[in-house]
file target12.txt (compact mmCIF, C-alpha atoms and all ligand atoms)
# COMPACT_ATOMS: atom_id res chain seq x y z
CA MET A 50 13.02 -14.92 12.63
CA SER A 51 13.35 -15.19 8.83
CA PRO A 52 15.67 -12.71 7.09
CA LYS A 53 14.22 -9.48 5.68
CA PRO A 54 12.91 -10.19 2.15
CA ASN A 55 14.68 -8.51 -0.74
CA VAL A 56 14.10 -8.46 -4.48
CA ARG A 57 16.49 -11.36 -5.05
CA THR A 58 14.78 -13.66 -2.53
CA LEU A 59 11.29 -12.55 -3.58
CA ARG A 60 11.97 -13.05 -7.27
CA ALA A 61 12.51 -16.76 -6.56
CA ARG A 62 9.19 -17.19 -4.69
CA LYS A 63 7.21 -19.18 -7.30
CA ARG A 64 4.70 -21.51 -5.67
CA ARG A 65 5.21 -24.05 -8.45
CA ASP A 66 8.79 -24.40 -7.14
CA GLY A 67 7.50 -25.09 -3.64
CA ALA A 68 7.84 -21.53 -2.31
CA GLU A 69 5.57 -20.15 0.40
CA PRO A 70 3.00 -17.60 -0.89
CA ILE A 71 4.12 -13.96 -0.72
CA VAL A 72 2.20 -11.63 1.61
CA MET A 73 1.93 -7.93 0.80
CA VAL A 74 -0.20 -5.28 2.46
CA THR A 75 -0.41 -1.54 1.94
CA ALA A 76 1.02 0.85 4.53
CA TYR A 77 0.87 4.61 4.36
CA ASP A 78 2.45 5.77 7.62
CA GLN A 79 4.76 4.78 10.47
CA PRO A 80 2.19 3.02 12.73
CA SER A 81 0.67 0.93 9.94
CA ALA A 82 4.16 -0.07 8.78
CA ALA A 83 5.23 -1.04 12.31
CA ILE A 84 2.05 -3.11 12.83
CA ALA A 85 2.35 -4.90 9.47
CA SER A 86 6.04 -5.57 10.07
CA SER A 87 5.30 -7.08 13.51
CA ALA A 88 2.66 -9.26 11.83
CA GLY A 89 5.38 -10.69 9.57
CA VAL A 90 4.28 -9.56 6.10
CA ASP A 91 6.89 -9.76 3.34
CA LEU A 92 6.23 -6.51 1.47
CA LEU A 93 4.77 -3.14 2.38
CA LEU A 94 3.20 -1.39 -0.56
CA VAL A 95 3.07 2.36 -0.11
CA GLY A 96 0.28 2.43 -2.64
CA ASP A 97 -1.19 5.39 -4.44
CA SER A 98 -4.38 4.00 -2.88
CA VAL A 99 -3.34 6.38 -0.06
CA GLY A 100 -5.45 8.77 -2.17
CA ASP A 101 -8.78 7.04 -1.63
CA ASN A 102 -7.99 5.30 1.69
CA VAL A 103 -6.39 8.14 3.64
CA LEU A 104 -6.45 11.45 1.78
CA GLY A 105 -10.17 11.46 1.03
CA TYR A 106 -10.00 11.49 -2.79
CA GLU A 107 -12.46 9.54 -4.95
CA ASP A 108 -9.64 7.78 -6.81
CA THR A 109 -5.85 7.58 -7.06
CA LEU A 110 -5.46 10.18 -9.80
CA HIS A 111 -4.92 13.16 -7.49
CA VAL A 112 -1.92 11.60 -5.77
CA THR A 113 1.39 13.27 -6.67
CA ILE A 114 5.02 12.16 -6.51
CA GLU A 115 5.44 14.56 -3.56
CA ASP A 116 2.58 12.79 -1.72
CA MET A 117 4.21 9.44 -2.39
CA GLU A 118 7.64 10.60 -1.20
CA HIS A 119 6.05 11.86 2.02
CA HIS A 120 4.27 8.55 2.72
CA VAL A 121 7.21 6.34 1.65
CA ALA A 122 9.45 8.27 4.06
CA ALA A 123 6.94 7.83 6.92
CA VAL A 124 6.77 4.07 6.28
CA ALA A 125 10.57 3.82 6.05
CA ARG A 126 10.95 5.55 9.44
CA ALA A 127 9.28 2.47 11.00
CA ARG A 128 12.35 0.48 9.85
CA PRO A 129 10.11 -2.48 8.96
CA ASP A 130 11.45 -5.99 8.37
CA CYS A 131 9.76 -5.90 4.98
CA LEU A 132 10.67 -4.75 1.49
CA ILE A 133 9.10 -1.32 0.89
CA VAL A 134 7.46 -0.85 -2.51
CA GLY A 135 7.00 2.77 -3.59
CA ASP A 136 4.03 3.14 -5.94
CA MET A 137 4.60 5.51 -8.85
CA PRO A 138 1.56 7.79 -9.11
CA TRP A 139 -0.29 8.72 -12.29
CA MET A 140 1.70 11.10 -14.53
CA SER A 141 4.99 10.32 -12.80
CA TYR A 142 6.00 7.85 -15.57
CA HIS A 143 3.86 8.96 -18.51
CA VAL A 144 5.64 12.06 -19.80
CA SER A 145 9.25 11.16 -20.59
CA ILE A 146 11.77 8.48 -19.80
CA GLU A 147 14.02 11.01 -18.08
CA GLU A 148 11.24 12.17 -15.75
CA THR A 149 10.23 8.56 -15.13
CA VAL A 150 13.69 7.53 -13.93
CA LYS A 151 14.08 10.65 -11.81
CA ASN A 152 10.68 10.07 -10.17
CA ALA A 153 11.53 6.42 -9.45
CA ALA A 154 14.76 7.63 -7.83
CA ARG A 155 12.81 10.06 -5.62
CA LEU A 156 10.88 7.15 -4.10
CA ILE A 157 14.08 5.16 -3.57
CA ARG A 158 15.73 8.14 -1.88
CA ALA A 159 12.62 8.48 0.32
CA GLY A 160 13.19 4.91 1.55
CA ALA A 161 11.60 2.44 -0.90
CA GLY A 162 13.53 -0.67 -1.96
CA CYS A 163 11.76 -0.88 -5.31
CA VAL A 164 8.98 0.86 -7.26
CA LYS A 165 5.70 -0.31 -8.78
CA LEU A 166 4.00 1.02 -11.89
CA GLU A 167 0.81 0.13 -13.74
CA GLY A 168 0.44 -1.12 -17.28
CA GLY A 169 1.51 -3.81 -19.74
CA ARG A 170 3.29 -3.75 -23.09
CA LYS A 171 3.20 0.02 -23.46
CA ARG A 172 5.17 0.41 -20.21
CA VAL A 173 8.13 -1.68 -21.41
CA PRO A 174 10.39 1.34 -22.22
CA ALA A 175 9.69 2.88 -18.79
CA ILE A 176 10.39 -0.40 -16.99
CA GLU A 177 13.62 -0.98 -18.93
CA ALA A 178 14.85 2.54 -18.19
CA ILE A 179 14.15 2.26 -14.45
CA VAL A 180 15.75 -1.19 -14.25
CA ASN A 181 18.77 0.20 -16.15
CA ALA A 182 19.07 2.79 -13.38
CA GLU A 183 19.46 -0.17 -10.94
CA ILE A 184 15.99 0.31 -9.46
CA PRO A 185 13.92 -2.88 -9.13
CA VAL A 186 10.42 -2.66 -10.63
CA MET A 187 7.21 -4.46 -9.70
CA GLY A 188 4.63 -4.48 -12.50
CA HIS A 189 0.86 -4.15 -12.14
CA ILE A 190 -1.58 -5.42 -14.76
CA GLY A 191 -5.29 -6.23 -15.07
CA LEU A 192 -7.55 -3.72 -13.36
CA THR A 193 -5.17 -0.76 -13.11
CA PRO A 194 -6.88 1.97 -11.06
CA GLN A 195 -4.91 4.80 -12.72
CA SER A 196 -6.71 3.84 -15.97
CA VAL A 197 -10.15 4.21 -14.39
CA HIS A 198 -11.40 6.57 -17.09
CA ALA A 199 -9.85 4.62 -19.97
CA MET A 200 -11.40 1.39 -18.64
CA GLY A 201 -14.81 3.04 -18.31
CA GLY A 202 -14.84 2.48 -14.54
CA MET A 203 -13.30 0.05 -12.07
CA ARG A 204 -14.22 -3.10 -13.99
CA VAL A 205 -12.92 -6.65 -13.87
CA GLN A 206 -10.47 -7.08 -16.79
CA GLY A 207 -9.67 -10.07 -19.01
CA ARG A 208 -13.19 -11.50 -19.03
CA ASP A 209 -13.15 -12.57 -22.70
CA VAL A 210 -10.57 -14.62 -24.53
CA ASP A 211 -9.09 -11.68 -26.46
CA ALA A 212 -8.71 -9.57 -23.33
CA ALA A 213 -7.24 -12.50 -21.38
CA THR A 214 -4.77 -13.19 -24.19
CA GLY A 215 -3.79 -9.52 -24.10
CA LEU A 216 -3.09 -9.76 -20.38
CA LEU A 217 -0.88 -12.82 -20.92
CA ALA A 218 1.07 -10.83 -23.51
CA ASP A 219 1.32 -7.88 -21.08
CA ALA A 220 2.62 -10.14 -18.31
CA SER A 221 5.26 -11.76 -20.54
CA ALA A 222 6.37 -8.36 -21.88
CA ILE A 223 6.84 -6.70 -18.48
CA ALA A 224 8.59 -9.79 -17.09
CA ALA A 225 10.96 -9.73 -20.08
CA ALA A 226 11.51 -6.00 -19.54
CA GLY A 227 12.89 -6.79 -16.09
CA CYS A 228 10.06 -6.69 -13.52
CA PHE A 229 11.04 -8.86 -10.54
CA SER A 230 7.37 -9.52 -9.72
CA MET A 231 3.95 -8.23 -10.73
CA VAL A 232 0.61 -7.41 -9.18
CA ILE A 233 -2.37 -8.77 -11.07
CA GLU A 234 -5.61 -7.12 -10.07
CA GLY A 235 -9.29 -7.67 -10.75
CA VAL A 236 -9.28 -10.57 -13.23
CA PRO A 237 -11.11 -13.92 -13.39
CA ASP A 238 -9.33 -16.63 -11.39
CA ALA A 239 -8.30 -18.54 -14.55
CA VAL A 240 -6.49 -15.44 -15.80
CA GLY A 241 -4.70 -15.06 -12.46
CA SER A 242 -3.55 -18.69 -12.68
CA GLY A 243 -2.76 -18.46 -16.40
CA VAL A 244 -0.52 -15.41 -15.93
CA THR A 245 1.16 -17.08 -12.94
CA ASP A 246 1.91 -20.18 -15.05
CA ALA A 247 3.13 -18.07 -17.97
CA VAL A 248 5.81 -16.02 -16.20
CA ASP A 249 8.93 -16.92 -14.24
CA VAL A 250 8.55 -14.08 -11.76
CA PRO A 251 6.04 -14.20 -8.90
CA THR A 252 2.55 -12.80 -9.32
CA ILE A 253 0.82 -11.09 -6.41
CA GLY A 254 -2.94 -11.15 -6.79
CA ILE A 255 -5.68 -8.83 -5.61
CA GLY A 256 -9.04 -10.06 -6.79
CA ALA A 257 -7.23 -12.49 -9.09
CA GLY A 258 -8.10 -15.79 -7.41
CA PRO A 259 -6.08 -18.28 -5.38
CA GLY A 260 -3.69 -19.35 -8.15
CA CYS A 261 -1.22 -16.44 -7.78
CA ASP A 262 2.17 -16.66 -6.06
CA GLY A 263 1.07 -14.21 -3.39
CA GLN A 264 -1.75 -11.92 -2.31
CA VAL A 265 -2.04 -8.24 -1.47
CA LEU A 266 -4.80 -6.32 0.27
CA VAL A 267 -5.24 -2.77 1.47
CA PHE A 268 -4.44 -2.32 5.20
CA HIS A 269 -7.72 -0.51 5.90
CA ASP A 270 -9.74 -3.25 4.17
CA VAL A 271 -8.10 -6.13 6.09
CA LEU A 272 -8.67 -4.35 9.40
CA GLY A 273 -12.12 -2.93 8.69
CA LEU A 274 -10.81 0.58 9.20
CA GLY A 275 -12.28 2.12 6.09
CA THR A 276 -15.53 3.95 5.73
CA ARG A 277 -16.28 2.78 2.17
CA ARG A 278 -17.92 -0.43 0.89
CA VAL A 279 -15.26 -3.09 0.33
CA ALA A 280 -14.84 -5.08 -2.89
CA LYS A 281 -15.95 -8.73 -3.24
CA PHE A 282 -12.36 -9.99 -3.08
CA VAL A 283 -11.63 -8.44 0.34
CA ARG A 284 -11.63 -10.55 3.48
CA GLN A 285 -11.97 -8.37 6.59
CA TYR A 286 -10.14 -9.83 9.58
CA ALA A 287 -11.32 -7.20 12.06
CA ASN A 288 -13.77 -4.32 12.37
CA LEU A 289 -11.54 -1.68 13.87
CA ALA A 290 -13.73 1.19 12.65
CA GLU A 291 -16.55 -0.07 14.86
CA GLY A 292 -14.24 -0.49 17.87
CA ALA A 293 -12.68 2.93 17.25
CA THR A 294 -16.08 4.64 17.01
CA LYS A 295 -17.19 3.04 20.30
CA ALA A 296 -13.93 4.04 22.01
CA LEU A 297 -14.16 7.66 20.82
CA ALA A 298 -17.83 7.89 21.82
CA ALA A 299 -16.88 6.65 25.32
CA PHE A 300 -14.11 9.30 25.52
CA ALA A 301 -16.55 12.04 24.43
CA SER A 302 -19.09 10.87 27.00
CA ASP A 303 -16.49 10.78 29.82
CA VAL A 304 -15.26 14.30 28.98
CA ARG A 305 -18.80 15.64 28.89
CA SER A 306 -19.77 13.98 32.17
CA GLY A 307 -16.54 14.99 33.92
CA ALA A 308 -15.47 11.35 34.37
CA PHE A 309 -12.26 12.06 32.44
CA PRO A 310 -9.65 12.92 33.53
CA THR A 311 -9.39 11.74 37.15
CA GLN A 312 -6.72 12.72 39.67
CA ALA A 313 -4.83 9.56 38.68
CA GLU A 314 -4.68 10.87 35.11
CA SER A 315 -3.38 14.31 36.19
CA TYR A 316 0.00 15.66 37.32
CA GLU A 317 0.00 16.37 41.07
CA SER A 318 0.44 19.86 42.49
CA SER A 319 2.26 20.66 45.73
CA GLU A 320 0.36 22.37 48.55
CA GLU A 321 2.55 25.42 48.02
CA LEU A 322 1.62 25.59 44.33
CA ARG A 323 -2.08 25.13 45.07
CA HIS A 324 -1.92 27.89 47.61
CA ALA A 325 -0.04 30.27 45.32
CA ILE A 326 -2.38 29.65 42.40
CA GLY A 327 -5.39 29.75 44.66
CA THR A 328 -7.02 26.54 43.39
CA GLN A 329 -7.80 23.12 44.80
CA GLY A 330 -7.93 21.35 41.47
CA ALA A 331 -5.21 19.33 39.72
CA THR A 332 -2.92 21.32 37.49
CA SER A 333 -1.52 20.22 34.21
CA ASP A 334 1.71 21.14 32.49
O1 LIG B 1 -2.13 1.28 -4.53
C1 LIG B 1 -2.49 0.13 -4.21
O2 LIG B 1 -3.00 -0.12 -3.11
C2 LIG B 1 -2.31 -0.95 -5.18
C3 LIG B 1 -2.87 -2.28 -4.83
C4 LIG B 1 -4.29 -2.29 -5.21
C5 LIG B 1 -2.13 -3.38 -5.46
O3 LIG B 1 -1.76 -0.73 -6.21
call {"tool": "encode", "arguments": {"input": "target12.txt", "output": "structure tokens"}}
result
Amino acid sequence: MSPKPNVRTLRARKRRDGAEPIVMVTAYDQPSAAIASSAGVDLLLVGDSVGDNVLGYEDTLHVTIEDMEHHVAAVARARPDCLIVGDMPWMSYHVSIEETVKNAARLIRAGAGCVKLEGGRKRVPAIEAIVNAEIPVMGHIGLTPQSVHAMGGMRVQGRDVDAATGLLADASAIAAAGCFSMVIEGVPDAVGSGVTDAVDVPTIGIGAGPGCDGQVLVFHDVLGLGTRRVAKFVRQYANLAEGATKALAAFASDVRSGAFPTQAESYESSEELRHAIGTQGATSD
């Protein structure tokens, strides 16, 4: 088994240097973390996408630092053989540098090994302050879901030359500020490759084409567990929602018909107990 990835080993994982692509998937709770760890992924992202994938919100903007602490701690209790990335939610790094560093520390104390935050050049002071507090930072540029209103919707970014040039500048700035890696989301494939070529730290793409140093997808999307339409860049490797619906319908049908539970699925009662209670049926405790 390969050793558990850490920020030092991951920082060196550039494909142009012959490294194997990095694999990251989201995890929001103990079972998903245990499953992803058994599957051998490198990084578990406790993403603020917990908001729209698990908590039933329309977007990530309702997710709080308390929500993130709760989910990071649940993932950490799985003791996965992966580096845990704690996603900093909207407004946890926008108000002041002091609050930013304290919020990053809350996710580390909850069990993350590093934090992730969204944004380019304007996030440099926040990144520098967190790194100065000895907390590793993963950047996130391109389509940044916390900026949904500012972007005018969840739109592919960097489509024209000016916007693509801006993303290259963002990537260089956050790498120089100390990010050990960065997510690049929702950009044309040439921008994904261009950013990857431009920086010395690994890029992890989501809807950014095959040229990145790694790829990340949402757990529920990979497994077909979600109830929403998936984006073009998602590849679904299973349809667990369909299997789960069939299984639950079979359970409901068995309960209603009396086929569940059987004697074999019940705790036995002694003759004496049956007699005392005055019943012939199985008892439960
Ligand atoms: O929260 C999340 O799931 C993310 C990924 C889209 C990278 O930030």
call {"tool": "closest_residue", "arguments": {"input": "target12.txt", "among": "A:Phe229, A:Tyr142, A:Ile253, A:Ala154", "to": "A:Gly191", "atoms": "only C-alpha atoms"}}
result
A:Ile253
call {"tool": "residues_near_ligand", "arguments": {"input": "target12.txt", "ligand": "ligand LIG 1 (chain B)", "cutoff": "7 Å", "atoms": "only C-alpha atoms and all ligand atoms", "output": "JSON list (two decimals) with C-alpha atoms, keeping the file's coordinate frame"}}
result
[["chain", "number", "residue", "atom", "x", "y", "z"],
["A", 75, "THR", "CA", -0.41, -1.54, 1.94],
["A", 94, "LEU", "CA", 3.20, -1.39, -0.56],
["A", 95, "VAL", "CA", 3.07, 2.36, -0.11],
["A", 96, "GLY", "CA", 0.28, 2.43, -2.64],
["A", 97, "ASP", "CA", -1.19, 5.39, -4.44],
["A", 98, "SER", "CA", -4.38, 4.00, -2.88],
["A", 99, "VAL", "CA", -3.34, 6.38, -0.06],
["A", 136, "ASP", "CA", 4.03, 3.14, -5.94],
["A", 232, "VAL", "CA", 0.61, -7.41, -9.18],
["A", 234, "GLU", "CA", -5.61, -7.12, -10.07],
["A", 255, "ILE", "CA", -5.68, -8.83, -5.61],
["A", 265, "VAL", "CA", -2.04, -8.24, -1.47],
["A", 266, "LEU", "CA", -4.80, -6.32, 0.27],
["A", 267, "VAL", "CA", -5.24, -2.77, 1.47]]
call {"tool": "closest_residue", "arguments": {"input": "target12.txt", "among": "A:Ala247, A:Val103, A:Val90, A:Leu59", "to": "A:Thr276", "atoms": "all atoms listed in the file"}}
result
A:Val103
call {"tool": "closest_residue", "arguments": {"input": "target12.txt", "among": "A:Glu177, A:Asp262, A:Asp246, A:Glu291", "to": "A:Gly67", "atoms": "all atoms listed in the file"}}
result
A:Asp262
call {"tool": "atom_distance", "arguments": {"input": "target12.txt", "atom1": "atom CA of A:Thr252", "atom2": "atom CA of A:Met231"}}
result
5.0 Å
call {"tool": "residues_near_point", "arguments": {"input": "target12.txt", "point": "(3.8, -15.0, 0.3)", "cutoff": "8 Å", "atoms": "all atoms listed in the file", "output": "mmCIF file with C-alpha atoms, keeping the file's coordinate frame"}}
result
data_model
loop_
_atom_site.group_PDB
_atom_site.id
_atom_site.type_symbol
_atom_site.label_atom_id
_atom_site.label_comp_id
_atom_site.auth_asym_id
_atom_site.auth_seq_id
_atom_site.Cartn_x
_atom_site.Cartn_y
_atom_site.Cartn_z
ATOM 1 C CA ARG A 62 9.190 -17.190 -4.690
ATOM 2 C CA GLU A 69 5.570 -20.150 0.400
ATOM 3 C CA PRO A 70 3.000 -17.600 -0.890
ATOM 4 C CA ILE A 71 4.120 -13.960 -0.720
ATOM 5 C CA VAL A 72 2.200 -11.630 1.610
ATOM 6 C CA MET A 73 1.930 -7.930 0.800
ATOM 7 C CA VAL A 90 4.280 -9.560 6.100
ATOM 8 C CA ASP A 91 6.890 -9.760 3.340
ATOM 9 C CA ASP A 262 2.170 -16.660 -6.060
ATOM 10 C CA GLY A 263 1.070 -14.210 -3.390
ATOM 11 C CA GLN A 264 -1.750 -11.920 -2.310
#
call {"tool": "atom_distance", "arguments": {"input": "target12.txt", "atom1": "atom CA of A:Pro54", "atom2": "atom CA of A:Ile184"}}
result
16.0 Å
call {"tool": "closest_residue", "arguments": {"input": "target12.txt", "among": "A:Leu272, A:Cys228, A:Glu107, A:Pro194", "to": "A:Val248", "atoms": "all atoms listed in the file"}}
result
A:Cys228
call {"tool": "closest_residue", "arguments": {"input": "target12.txt", "among": "A:Ala290, A:Lys165, A:Ser302, A:Thr245", "to": "A:Gly260", "atoms": "only C-alpha atoms"}}
result
A:Thr245
call {"tool": "residues_around", "arguments": {"input": "target12.txt", "residues": "A:Asn102", "least_positions_apart": "4", "cutoff": "8 Å", "atoms": "all atoms listed in the file", "output": "PyMOL selection string"}}
result
chain A and resi 98+106+269+275
call {"tool": "atom_distance", "arguments": {"input": "target12.txt", "atom1": "atom CA of A:Cys131", "atom2": "atom CA of A:Arg65"}}
result
23.0 Å
call {"tool": "closest_residue", "arguments": {"input": "target12.txt", "among": "A:Gly89, A:Gly215, A:Gly241, A:Gly307", "to": "A:Gly169", "atoms": "only C-alpha atoms"}}
result
A:Gly215
call {"tool": "residues_around", "arguments": {"input": "target12.txt", "residues": "stretch 185-190 of chain A", "least_positions_apart": "4", "cutoff": "8 Å", "atoms": "all atoms listed in the file", "output": "PyMOL selection string"}}
result
chain A and resi 56+162-169+176+179-180+216+219-220+223+227-234
call {"tool": "residues_around", "arguments": {"input": "target12.txt", "residues": "stretch 197-204 of chain A", "least_positions_apart": "2", "cutoff": "10 Å", "atoms": "only C-alpha atoms", "output": "MDAnalysis selection string"}}
result
chainID A and resid 108:110 191:195 206:208 235:236
call {"tool": "residues_around", "arguments": {"input": "target12.txt", "residues": "A:Ser81", "least_positions_apart": "5", "cutoff": "8 Å", "atoms": "only C-alpha atoms", "output": "ChimeraX atom specification"}}
result
/A:76,124,268
call {"tool": "write_last_selection", "arguments": {"input": "target12.txt", "atoms": "C-alpha atoms", "output": "PDB file, in the frame of the given file"}}
result
ATOM      1  CA  ALA A  76       1.020   0.850   4.530  1.00  0.00           C
ATOM      2  CA  VAL A 124       6.770   4.070   6.280  1.00  0.00           C
ATOM      3  CA  PHE A 268      -4.440  -2.320   5.200  1.00  0.00           C
TER       4      PHE A 268
END
call {"tool": "residues_around", "arguments": {"input": "target12.txt", "residues": "A:Ala61", "least_positions_apart": "3", "cutoff": "8 Å", "atoms": "all atoms listed in the file", "output": "PyMOL selection string"}}
result
chain A and resi 57-58+68+250-251
call {"tool": "write_last_selection", "arguments": {"input": "target12.txt", "atoms": "C-alpha atoms", "output": "compact mmCIF listing (two decimals), in the frame of the given file"}}
result
# COMPACT_ATOMS: atom_id res chain seq x y z
CA ARG A 57 16.49 -11.36 -5.05
CA THR A 58 14.78 -13.66 -2.53
CA ALA A 68 7.84 -21.53 -2.31
CA VAL A 250 8.55 -14.08 -11.76
CA PRO A 251 6.04 -14.20 -8.90
